[in-house]
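Text of the file protein.csv, holding CSV, C-alpha atoms:
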chain,number,residue,atom,x,y,z
V,1,MET,CA,188.3,-29.9,33.8
V,2,ALA,CA,184.9,-28.4,34.4
V,3,ALA,CA,183.6,-24.8,33.9
V,4,ILE,CA,180.2,-23.0,34.1
V,5,THR,CA,179.3,-20.4,31.5
V,6,GLN,CA,177.2,-17.3,32.3
V,7,ASP,CA,174.0,-19.1,31.2
V,8,GLY,CA,174.5,-21.8,33.9
V,9,VAL,CA,175.6,-24.5,31.5
V,10,LEU,CA,178.3,-26.9,32.9
V,11,TRP,CA,181.0,-28.0,30.4
V,12,ALA,CA,183.6,-30.7,31.1
V,13,TRP,CA,186.6,-32.1,29.2
V,14,GLY,CA,189.9,-33.9,29.7
V,15,SER,CA,190.8,-37.4,31.0
V,16,ASN,CA,187.7,-39.6,31.3
V,17,HIS,CA,188.9,-43.0,32.5
V,18,SER,CA,186.6,-43.0,35.5
V,19,TYR,CA,183.6,-41.3,33.7
V,20,GLN,CA,184.6,-38.0,35.3
V,21,VAL,CA,183.6,-35.9,32.2
V,22,GLY,CA,180.1,-37.1,32.8
V,23,ASP,CA,179.1,-37.7,29.2
V,24,SER,CA,178.2,-41.4,29.6
V,25,THR,CA,181.5,-42.6,28.1
V,26,THR,CA,185.1,-43.2,29.0
V,27,ILE,CA,186.5,-41.4,26.0
V,28,ASP,CA,188.9,-38.6,26.8
V,29,ARG,CA,187.5,-35.3,25.6
V,30,HIS,CA,189.8,-32.7,24.0
V,31,ARG,CA,187.1,-30.1,23.7
V,32,PRO,CA,184.4,-29.0,26.2
V,33,ILE,CA,181.3,-31.2,26.3
V,34,ARG,CA,177.9,-29.9,27.6
V,35,ILE,CA,176.9,-31.8,30.7
V,36,MET,CA,174.2,-30.0,32.7
V,37,ASP,CA,172.1,-26.8,32.7
V,38,ASN,CA,171.2,-24.5,35.6
V,39,VAL,CA,174.4,-25.1,37.4
V,40,ALA,CA,175.5,-22.7,40.2
V,41,ALA,CA,178.8,-24.3,41.4
V,42,VAL,CA,181.2,-27.1,40.5
V,43,SER,CA,184.2,-28.8,42.2
V,44,ALA,CA,186.5,-31.4,40.7
V,45,GLY,CA,188.4,-34.0,42.7
V,46,TRP,CA,191.1,-36.4,41.5
V,47,ALA,CA,188.7,-38.3,39.3
V,48,HIS,CA,185.2,-37.3,40.5
V,49,ILE,CA,183.1,-34.1,40.0
V,50,MET,CA,180.5,-32.6,42.2
V,51,ALA,CA,178.0,-29.9,41.0
V,52,ILE,CA,175.3,-27.9,42.6
V,53,THR,CA,172.3,-26.8,40.5
V,54,GLN,CA,170.5,-23.5,41.1
V,55,ASP,CA,167.8,-25.3,43.0
V,56,GLY,CA,170.4,-26.4,45.6
V,57,VAL,CA,170.6,-30.0,44.5
V,58,LEU,CA,174.0,-31.7,44.7
V,59,TRP,CA,175.0,-34.0,41.8
V,60,ALA,CA,178.0,-36.4,41.5
V,61,TRP,CA,179.8,-38.5,38.8
V,62,GLY,CA,183.1,-40.2,38.1
V,63,ASN,CA,185.2,-42.3,40.4
V,64,ASN,CA,183.5,-43.6,43.6
V,65,ASN,CA,186.0,-46.1,44.9
V,66,THR,CA,186.1,-44.5,48.4
V,67,GLY,CA,182.5,-43.4,48.4
V,68,GLN,CA,183.5,-39.8,47.5
V,69,GLN,CA,180.3,-39.3,45.5
V,70,GLY,CA,178.2,-39.6,48.7
V,71,ILE,CA,176.1,-42.5,47.5
V,72,LEU,CA,174.8,-44.6,50.3
V,73,ARG,CA,173.2,-47.6,48.5
V,74,ILE,CA,174.9,-51.0,49.2
V,75,GLY,CA,177.2,-51.9,46.5
V,76,GLU,CA,177.1,-48.5,44.9
V,77,TYR,CA,180.8,-47.7,45.2
V,78,ARG,CA,181.5,-48.0,41.5
V,79,GLY,CA,181.8,-44.9,39.3
V,80,HIS,CA,178.8,-43.2,37.7
V,81,TYR,CA,179.0,-42.2,34.1
V,82,ASN,CA,176.6,-39.3,34.3
V,83,PRO,CA,175.3,-36.9,37.0
V,84,LEU,CA,173.6,-38.7,40.0
V,85,ARG,CA,171.5,-36.8,42.5
V,86,VAL,CA,173.1,-36.9,46.0
V,87,MET,CA,171.4,-34.5,48.4
V,88,ASP,CA,169.3,-31.3,48.5
V,89,ASN,CA,169.6,-27.8,50.1
V,90,VAL,CA,173.4,-27.5,49.4
V,91,VAL,CA,175.1,-24.1,49.0
V,92,THR,CA,178.8,-25.0,48.8
V,93,VAL,CA,180.8,-28.1,47.7
V,94,SER,CA,184.5,-28.8,47.7
V,95,ALA,CA,186.0,-32.0,46.3
V,96,GLY,CA,189.3,-33.3,47.6
V,97,ASP,CA,191.3,-36.0,46.0
V,98,TRP,CA,189.2,-38.8,47.4
V,99,HIS,CA,186.7,-37.1,49.7
V,100,THR,CA,184.0,-34.4,49.5
V,101,MET,CA,182.8,-31.7,51.8
V,102,VAL,CA,179.5,-29.7,51.5
V,103,ILE,CA,177.8,-26.9,53.4
V,104,LYS,CA,174.0,-27.0,53.5
V,105,GLN,CA,171.7,-24.0,53.7
V,106,ASN,CA,171.5,-24.2,57.5
V,107,GLY,CA,175.3,-23.8,57.8
V,108,ALA,CA,175.9,-27.5,58.6
V,109,LEU,CA,179.1,-29.0,57.2
V,110,TRP,CA,178.9,-32.6,55.9
V,111,ALA,CA,181.6,-35.0,54.7
V,112,TRP,CA,182.1,-38.4,53.0
V,113,GLY,CA,184.6,-40.5,51.2
V,114,ASP,CA,188.1,-41.5,52.1
V,115,ASN,CA,189.0,-41.0,55.7
V,116,SER,CA,192.5,-42.7,55.8
V,117,PHE,CA,194.1,-39.6,57.2
V,118,GLY,CA,191.1,-38.2,59.1
V,119,GLN,CA,190.2,-35.7,56.3
V,120,LEU,CA,186.5,-36.1,57.0
V,121,GLY,CA,186.8,-34.7,60.5
V,122,THR,CA,185.5,-37.8,62.2
V,123,THR,CA,187.1,-40.9,63.8
V,124,THR,CA,184.6,-43.2,62.1
V,125,PRO,CA,186.2,-45.1,59.3
V,126,THR,CA,183.2,-46.0,57.2
V,127,ARG,CA,181.8,-44.3,54.1
V,128,ASP,CA,178.6,-42.7,55.4
V,129,HIS,CA,177.6,-39.0,55.4
V,130,TYR,CA,178.9,-37.3,58.5
V,131,HIS,CA,177.7,-34.1,60.1
V,132,ILE,CA,181.0,-32.4,61.2
V,133,MET,CA,180.2,-29.0,62.5
V,134,ASP,CA,177.6,-26.1,62.4
V,135,ASN,CA,177.7,-22.4,61.5
V,136,VAL,CA,180.2,-23.0,58.7
V,137,ALA,CA,180.8,-20.2,56.1
V,138,ALA,CA,183.4,-21.8,53.8
V,139,VAL,CA,185.2,-25.0,53.3
V,140,SER,CA,188.2,-26.2,51.1
V,141,ALA,CA,189.1,-29.8,50.7
V,142,GLY,CA,192.8,-30.5,50.0
V,143,GLY,CA,194.4,-33.7,48.9
V,144,ALA,CA,193.9,-35.5,52.2
V,145,HIS,CA,193.2,-32.6,54.6
V,146,THR,CA,190.3,-30.2,55.0
V,147,MET,CA,190.1,-26.5,56.1
V,148,ALA,CA,186.8,-24.8,57.1
V,149,ILE,CA,185.9,-21.3,58.2
V,150,THR,CA,183.1,-20.9,60.7
V,151,GLN,CA,180.8,-17.8,60.6
V,152,ASP,CA,182.8,-16.1,63.4
V,153,GLY,CA,185.9,-16.1,61.1
V,154,VAL,CA,187.7,-19.0,62.9
V,155,LEU,CA,189.8,-21.3,60.6
V,156,TRP,CA,189.7,-25.0,61.5
V,157,ALA,CA,191.8,-27.8,60.1
V,158,TRP,CA,191.9,-31.6,60.2
V,159,GLY,CA,193.4,-34.6,58.3
V,160,ALA,CA,196.8,-35.3,56.7
V,161,ASN,CA,199.7,-33.2,58.0
V,162,PHE,CA,202.8,-34.7,56.2
V,163,PHE,CA,204.3,-31.2,55.5
V,164,GLY,CA,202.5,-29.1,58.1
V,165,GLN,CA,199.6,-28.2,55.8
V,166,LEU,CA,197.2,-28.1,58.8
V,167,GLY,CA,199.1,-25.1,60.2
V,168,ASP,CA,199.1,-26.1,63.9
V,169,GLY,CA,202.9,-26.0,64.2
V,170,THR,CA,203.4,-29.8,63.8
V,171,SER,CA,204.2,-32.2,61.0
V,172,THR,CA,202.7,-35.8,61.2
V,173,ILE,CA,201.2,-38.2,58.8
V,174,ILE,CA,197.8,-37.9,60.4
V,175,GLY,CA,197.4,-34.5,62.0
V,176,ASN,CA,194.0,-34.6,63.8
V,177,ARG,CA,190.8,-36.4,63.1
V,178,ASP,CA,188.8,-33.7,64.8
V,179,PRO,CA,188.7,-30.0,63.8
V,180,ILE,CA,191.5,-27.9,65.5
V,181,ARG,CA,191.5,-24.2,65.7
V,182,ILE,CA,194.2,-22.5,63.6
V,183,MET,CA,193.6,-18.8,63.1
V,184,ASP,CA,191.0,-16.1,63.7
V,185,ASN,CA,189.6,-13.3,61.4
V,186,VAL,CA,189.8,-15.5,58.3
V,187,ILE,CA,187.6,-14.7,55.2
V,188,THR,CA,189.1,-17.0,52.6
V,189,VAL,CA,190.9,-20.4,52.6
V,190,SER,CA,192.3,-22.5,49.8
V,191,ALA,CA,193.7,-26.0,50.4
V,192,SER,CA,195.7,-28.0,47.8
V,193,ILE,CA,197.5,-31.3,47.9
V,194,ASN,CA,199.9,-30.5,50.6
V,195,ASN,CA,199.5,-26.7,51.1
V,196,THR,CA,197.1,-24.2,52.6
V,197,MET,CA,196.6,-20.5,52.0
V,198,ALA,CA,194.3,-18.1,53.8
V,199,ILE,CA,193.3,-14.4,53.6
V,200,THR,CA,192.5,-12.6,56.9
V,201,GLN,CA,190.0,-9.7,57.2
V,202,ASP,CA,192.8,-7.1,56.9
V,203,GLY,CA,193.7,-8.5,53.4
V,204,VAL,CA,196.9,-10.3,54.5
V,205,LEU,CA,197.7,-13.6,52.7
V,206,TRP,CA,199.1,-16.4,54.9
V,207,SER,CA,200.6,-19.6,53.6
V,208,TRP,CA,202.0,-22.9,55.0
V,209,GLY,CA,202.8,-26.5,54.2
V,210,TYR,CA,205.0,-28.1,51.5
V,211,ASN,CA,207.6,-25.8,50.1
V,212,GLU,CA,210.1,-27.8,48.0
V,213,ARG,CA,209.4,-25.6,44.9
V,214,GLY,CA,208.8,-22.4,46.7
V,215,GLN,CA,205.0,-22.7,46.7
V,216,VAL,CA,204.6,-21.2,50.2
V,217,GLY,CA,205.9,-18.0,48.7
V,218,ASP,CA,208.1,-16.8,51.6
V,219,GLY,CA,211.4,-16.7,49.6
V,220,THR,CA,212.6,-20.1,50.9
V,221,THR,CA,212.1,-23.8,50.1
V,222,THR,CA,211.6,-24.7,53.8
V,223,ASP,CA,208.4,-26.5,54.7
V,224,ARG,CA,206.3,-24.3,57.0
V,225,HIS,CA,204.2,-25.8,59.8
V,226,SER,CA,202.5,-22.6,60.8
V,227,PRO,CA,201.0,-19.7,58.9
V,228,ILE,CA,203.6,-17.4,57.3
V,229,ARG,CA,202.7,-13.8,56.2
V,230,ILE,CA,203.2,-13.5,52.4
V,231,MET,CA,201.4,-10.4,51.0
V,232,ASN,CA,199.1,-7.5,51.9
V,233,ASN,CA,196.0,-6.2,50.2
V,234,VAL,CA,195.0,-9.6,48.7
V,235,ALA,CA,191.5,-10.2,47.4
V,236,ALA,CA,191.6,-13.8,46.2
V,237,VAL,CA,193.9,-16.8,46.2
V,238,SER,CA,194.2,-20.3,44.8
V,239,SER,CA,196.7,-22.7,46.4
V,240,GLY,CA,198.7,-25.4,44.7
V,241,LEU,CA,202.1,-26.2,43.4
V,242,SER,CA,201.9,-22.9,41.5
V,243,PRO,CA,199.7,-20.7,43.6
V,244,MET,CA,197.9,-17.6,42.2
V,245,ALA,CA,196.7,-14.5,44.1
V,246,ILE,CA,194.9,-11.3,43.0
V,247,THR,CA,195.6,-8.2,45.0
V,248,GLN,CA,192.9,-5.6,45.6
V,249,ASP,CA,194.3,-3.4,42.7
V,250,GLY,CA,193.5,-6.2,40.2
V,251,VAL,CA,197.1,-7.5,39.8
V,252,LEU,CA,197.7,-11.2,39.3
V,253,TRP,CA,200.7,-12.7,41.2
V,254,THR,CA,202.0,-16.3,40.8
V,255,TRP,CA,204.9,-18.3,42.3
V,256,GLY,CA,206.1,-21.8,43.0
V,257,TYR,CA,206.6,-24.8,40.6
V,258,ASN,CA,207.5,-23.6,37.1
V,259,GLU,CA,208.9,-26.5,35.1
V,260,TRP,CA,206.4,-26.0,32.3
V,261,GLY,CA,206.1,-22.2,32.6
V,262,GLN,CA,203.0,-22.4,34.7
V,263,VAL,CA,204.1,-19.3,36.7
V,264,GLY,CA,203.7,-17.3,33.6
V,265,ASP,CA,206.8,-15.1,33.9
V,266,GLY,CA,208.4,-16.3,30.6
V,267,THR,CA,210.8,-18.7,32.3
V,268,THR,CA,210.9,-22.2,33.6
V,269,THR,CA,212.6,-21.2,36.9
V,270,ASN,CA,210.8,-22.0,40.2
V,271,ARG,CA,209.8,-18.9,42.1
V,272,SER,CA,209.8,-18.7,45.9
V,273,ASN,CA,208.4,-15.2,46.0
V,274,PRO,CA,205.3,-13.8,44.3
V,275,VAL,CA,205.9,-12.6,40.7
V,276,ARG,CA,203.7,-9.9,39.1
V,277,ILE,CA,202.1,-11.4,36.0
V,278,MET,CA,199.1,-9.4,34.7
V,279,ASP,CA,197.1,-6.3,35.6
V,280,GLY,CA,193.4,-5.7,35.2
V,281,MET,CA,192.1,-8.9,36.7
V,282,MET,CA,188.4,-9.3,37.8
V,283,LEU,CA,188.0,-9.1,41.6
V,284,PRO,CA,185.7,-11.6,43.4
Go ahead and render the structure in this file as structure tokens.
Amino acid sequence: MAAITQDGVLWAWGSNHSYQVGDSTTIDRHRPIRIMDNVAAVSAGWAHIMAITQDGVLWAWGNNNTGQQGILRIGEYRGHYNPLRVMDNVVTVSAGDWHTMVIKQNGALWAWGDNSFGQLGTTTPTRDHYHIMDNVAAVSAGGAHTMAITQDGVLWAWGANFFGQLGDGTSTIIGNRDPIRIMDNVITVSASINNTMAITQDGVLWSWGYNERGQVGDGTTTDRHSPIRIMNNVAAVSSGLSPMAITQDGVLWTWGYNEWGQVGDGTTTNRSNPVRIMDGMMLP
């Protein structure tokens, strides 16, 4: 886990077997440890962490078995136990399980790491930095697929598509190694292991992909290979086995996998429709 406090300090804690806490040890941390100052953004993958400092510098640490840190030196595919400088002029970073996507200040989207399922958006199989596309406004890296929004509001997808998480109406192990156009008028996207959620300009939440625990939110447990309309007036969303959304009136809604009570409705029953949990949430 990693979080940034209001003063720009990055804190990390939890499992540390691959140096992913970033405190120069492999000791699991049960309380937050101070890692860096002047941090503007952070994104955690399966066992690596990427952070952007306020000067636009990208830093990486943790597991690097697939080159997901973005280090290009020969032999440098081992993990790094504290933050290592990767590149400059970065405004957005999203870490998938074993790959990383970044947007630079000029709107160019770059990718590196594992490409077993085409999640980098290139057909090249090596571990270099790849320039994927230009004029990108947002990106979200899932487990082994990637979603990006260009500045004209078009949503693009590529990578693994086991359960239809790309949203192109199909379901295949490898969906597409090049970006494919999915939807227009999109302002927000969130990709998780096998799911994707997006908010369009009219505030409608759309969802698709794996649905065994009801995480699509359409009242069924049927996998969805194309976007399904879920809710109106949505301001923010986070995809996953137990997705969360905030509507424009500040209400928090949750659904999906609930074995440990993660939906927050006082039960351990999976929910296939959004459940109202709390009011008064901060809007993005």
Q. For the atom pair CA of Leu10 (chain V) and CA of Met282 (chain V), what is the interatomic distance in Å to one decimal place?
A.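 For CA of Leu10 (chain V) relative to CA of Met282 (chain V), the distance reads 20.9 Å.
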Q: Please provide the set of residues having any atom within 6 Å of Val91 (chain V), restricted to only C-alpha atoms, with same-chain residues fewer than 5 positions apart removed, written as a VMD selection string.
A: chain V and resid 103 to 105
Q. Leaving out Thr196 (chain V) and any residue of its chain fewer than 4 positions from it, which residues lie within 12 Å of it when counting all atoms listed in the file, given as a PyMOL selection string?
A. chain V and resi 139-148+155-158+160-161+163-168+182+188-192+205-211+215-217+223-228+237-241+243
Within 9 Å of region 117-131 of chain V, counting only C-alpha atoms, which residues show up once you throw out same-chain ones fewer than 2 positions away? Write them as a compact mmCIF listing (two decimals) with C-alpha atoms, in the frame of the given file, please.
# COMPACT_ATOMS: atom_id res chain seq x y z
CA THR V 66 186.10 -44.50 48.40
CA GLY V 67 182.50 -43.40 48.40
CA GLN V 68 183.50 -39.80 47.50
CA GLY V 70 178.20 -39.60 48.70
CA ILE V 71 176.10 -42.50 47.50
CA LEU V 72 174.80 -44.60 50.30
CA HIS V 99 186.70 -37.10 49.70
CA THR V 100 184.00 -34.40 49.50
CA MET V 101 182.80 -31.70 51.80
CA ALA V 108 175.90 -27.50 58.60
CA LEU V 109 179.10 -29.00 57.20
CA TRP V 110 178.90 -32.60 55.90
CA ALA V 111 181.60 -35.00 54.70
CA TRP V 112 182.10 -38.40 53.00
CA GLY V 113 184.60 -40.50 51.20
CA ASP V 114 188.10 -41.50 52.10
CA ASN V 115 189.00 -41.00 55.70
CA MET V 133 180.20 -29.00 62.50
CA ASP V 134 177.60 -26.10 62.40
CA ALA V 141 189.10 -29.80 50.70
CA GLY V 142 192.80 -30.50 50.00
CA GLY V 143 194.40 -33.70 48.90
CA ALA V 144 193.90 -35.50 52.20
CA HIS V 145 193.20 -32.60 54.60
CA THR V 146 190.30 -30.20 55.00
CA ALA V 157 191.80 -27.80 60.10
CA TRP V 158 191.90 -31.60 60.20
CA GLY V 159 193.40 -34.60 58.30
CA ALA V 160 196.80 -35.30 56.70
CA ASN V 161 199.70 -33.20 58.00
CA ILE V 173 201.20 -38.20 58.80
CA ILE V 174 197.80 -37.90 60.40
CA GLY V 175 197.40 -34.50 62.00
CA ASN V 176 194.00 -34.60 63.80
CA ARG V 177 190.80 -36.40 63.10
CA ASP V 178 188.80 -33.70 64.80
CA PRO V 179 188.70 -30.00 63.80
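Distances here use all atoms listed in the file; by that measure, the residue among V:Ile52, V:Ala137, V:Met231, V:Val21 closest to Asp37 (chain V) is V:Ile52.
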Q | Pairwise distance for CA of Ser272 (chain V) and CA of Asn233 (chain V), rounded to one decimal in Å | A | 19.1 Å
Q. For the atom pair CA of Tyr81 (chain V) and CA of Ser18 (chain V), what is the interatomic distance in Å to one decimal place?
A. 7.8 Å
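Minimum distance to Asp202 (chain V) across V:Asp279, V:Asp265, V:Asp88, V:Asp184 (counting all atoms listed in the file) occurs at V:Asp184.
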Q) If we count all atoms listed in the file, what is near Gln54 (chain V) at a cut-off of 8 Å, once residues fewer than 2 positions away on the same chain are taken out, given as a PyMOL selection string? A) chain V and resi 38-40+52+56-57
Q.
When you look at Asn16 (chain V) with a cut-off of 7 Å (counting only C-alpha atoms), what residues show up, excluding the ones that are within fewer than 2 positions of it in the same chain? I need them as a PyMOL selection string.
A. chain V and resi 14+18-21+26-28
**Q.** For His17 (chain V), the nearest of the candidates V:Val275, V:Met36, V:Ala47, V:Ile4, counting only C-alpha atoms
**A.**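 Looking only at the distances to His17 (chain V), the closest residue turns out to be V:Ala47.
Using only C-alpha atoms for every distance, the candidate list V:Ser43, V:Asn258, V:Ser116, V:Thr170 yields V:Ser43 as the residue closest to Val93 (chain V).
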**Q.** Residue with smallest distance to Gly250 (chain V) - pool V:Val263, V:Met281, V:Ala60, V:Ile49, counting all atoms listed in the file
**A.** V:Met281
Complete region 235-248 of chain V with N, CA, C and O atoms (output as a short mmCIF file (atom, residue, chain, number, x, y, z; two decimals), keeping the file's coordinate frame).
data_model
loop_
_atom_site.label_atom_id
_atom_site.label_comp_id
_atom_site.auth_asym_id
_atom_site.auth_seq_id
_atom_site.Cartn_x
_atom_site.Cartn_y
_atom_site.Cartn_z
N ALA V 235 192.92 -10.02 47.54
CA ALA V 235 191.50 -10.20 47.40
C ALA V 235 191.07 -11.63 47.14
O ALA V 235 189.96 -12.04 47.49
N ALA V 236 191.96 -12.42 46.49
CA ALA V 236 191.60 -13.80 46.20
C ALA V 236 192.90 -14.61 46.05
O ALA V 236 193.96 -14.08 45.71
N VAL V 237 192.78 -15.93 46.31
CA VAL V 237 193.90 -16.80 46.20
C VAL V 237 193.51 -18.20 45.83
O VAL V 237 192.39 -18.64 46.15
N SER V 238 194.38 -18.90 45.10
CA SER V 238 194.20 -20.30 44.80
C SER V 238 195.50 -21.02 45.08
O SER V 238 196.54 -20.72 44.48
N SER V 239 195.47 -21.98 46.01
CA SER V 239 196.70 -22.70 46.40
C SER V 239 196.99 -23.79 45.43
O SER V 239 196.17 -24.19 44.61
N GLY V 240 198.22 -24.31 45.51
CA GLY V 240 198.70 -25.40 44.70
C GLY V 240 200.16 -25.40 44.51
O GLY V 240 200.87 -24.65 45.20
N LEU V 241 200.68 -26.23 43.62
CA LEU V 241 202.10 -26.20 43.40
C LEU V 241 202.56 -24.90 42.75
O LEU V 241 203.71 -24.48 42.91
N SER V 242 201.64 -24.24 42.06
CA SER V 242 201.90 -22.90 41.50
C SER V 242 200.76 -21.98 41.90
O SER V 242 199.83 -21.74 41.13
N PRO V 243 200.80 -21.46 43.14
CA PRO V 243 199.70 -20.70 43.60
C PRO V 243 199.49 -19.37 42.83
O PRO V 243 200.42 -18.86 42.20
N MET V 244 198.26 -18.84 42.90
CA MET V 244 197.90 -17.60 42.20
C MET V 244 197.14 -16.73 43.20
O MET V 244 196.28 -17.23 43.94
N ALA V 245 197.44 -15.43 43.19
CA ALA V 245 196.70 -14.50 44.10
C ALA V 245 196.41 -13.22 43.27
O ALA V 245 197.19 -12.81 42.39
N ILE V 246 195.28 -12.61 43.58
CA ILE V 246 194.90 -11.30 43.00
C ILE V 246 194.86 -10.31 44.12
O ILE V 246 194.17 -10.51 45.12
N THR V 247 195.62 -9.24 43.97
CA THR V 247 195.60 -8.20 45.00
C THR V 247 194.41 -7.23 44.67
O THR V 247 193.78 -7.29 43.61
N GLN V 248 194.11 -6.38 45.63
CA GLN V 248 192.90 -5.60 45.60
C GLN V 248 192.98 -4.52 44.44
O GLN V 248 191.96 -3.93 44.08
#
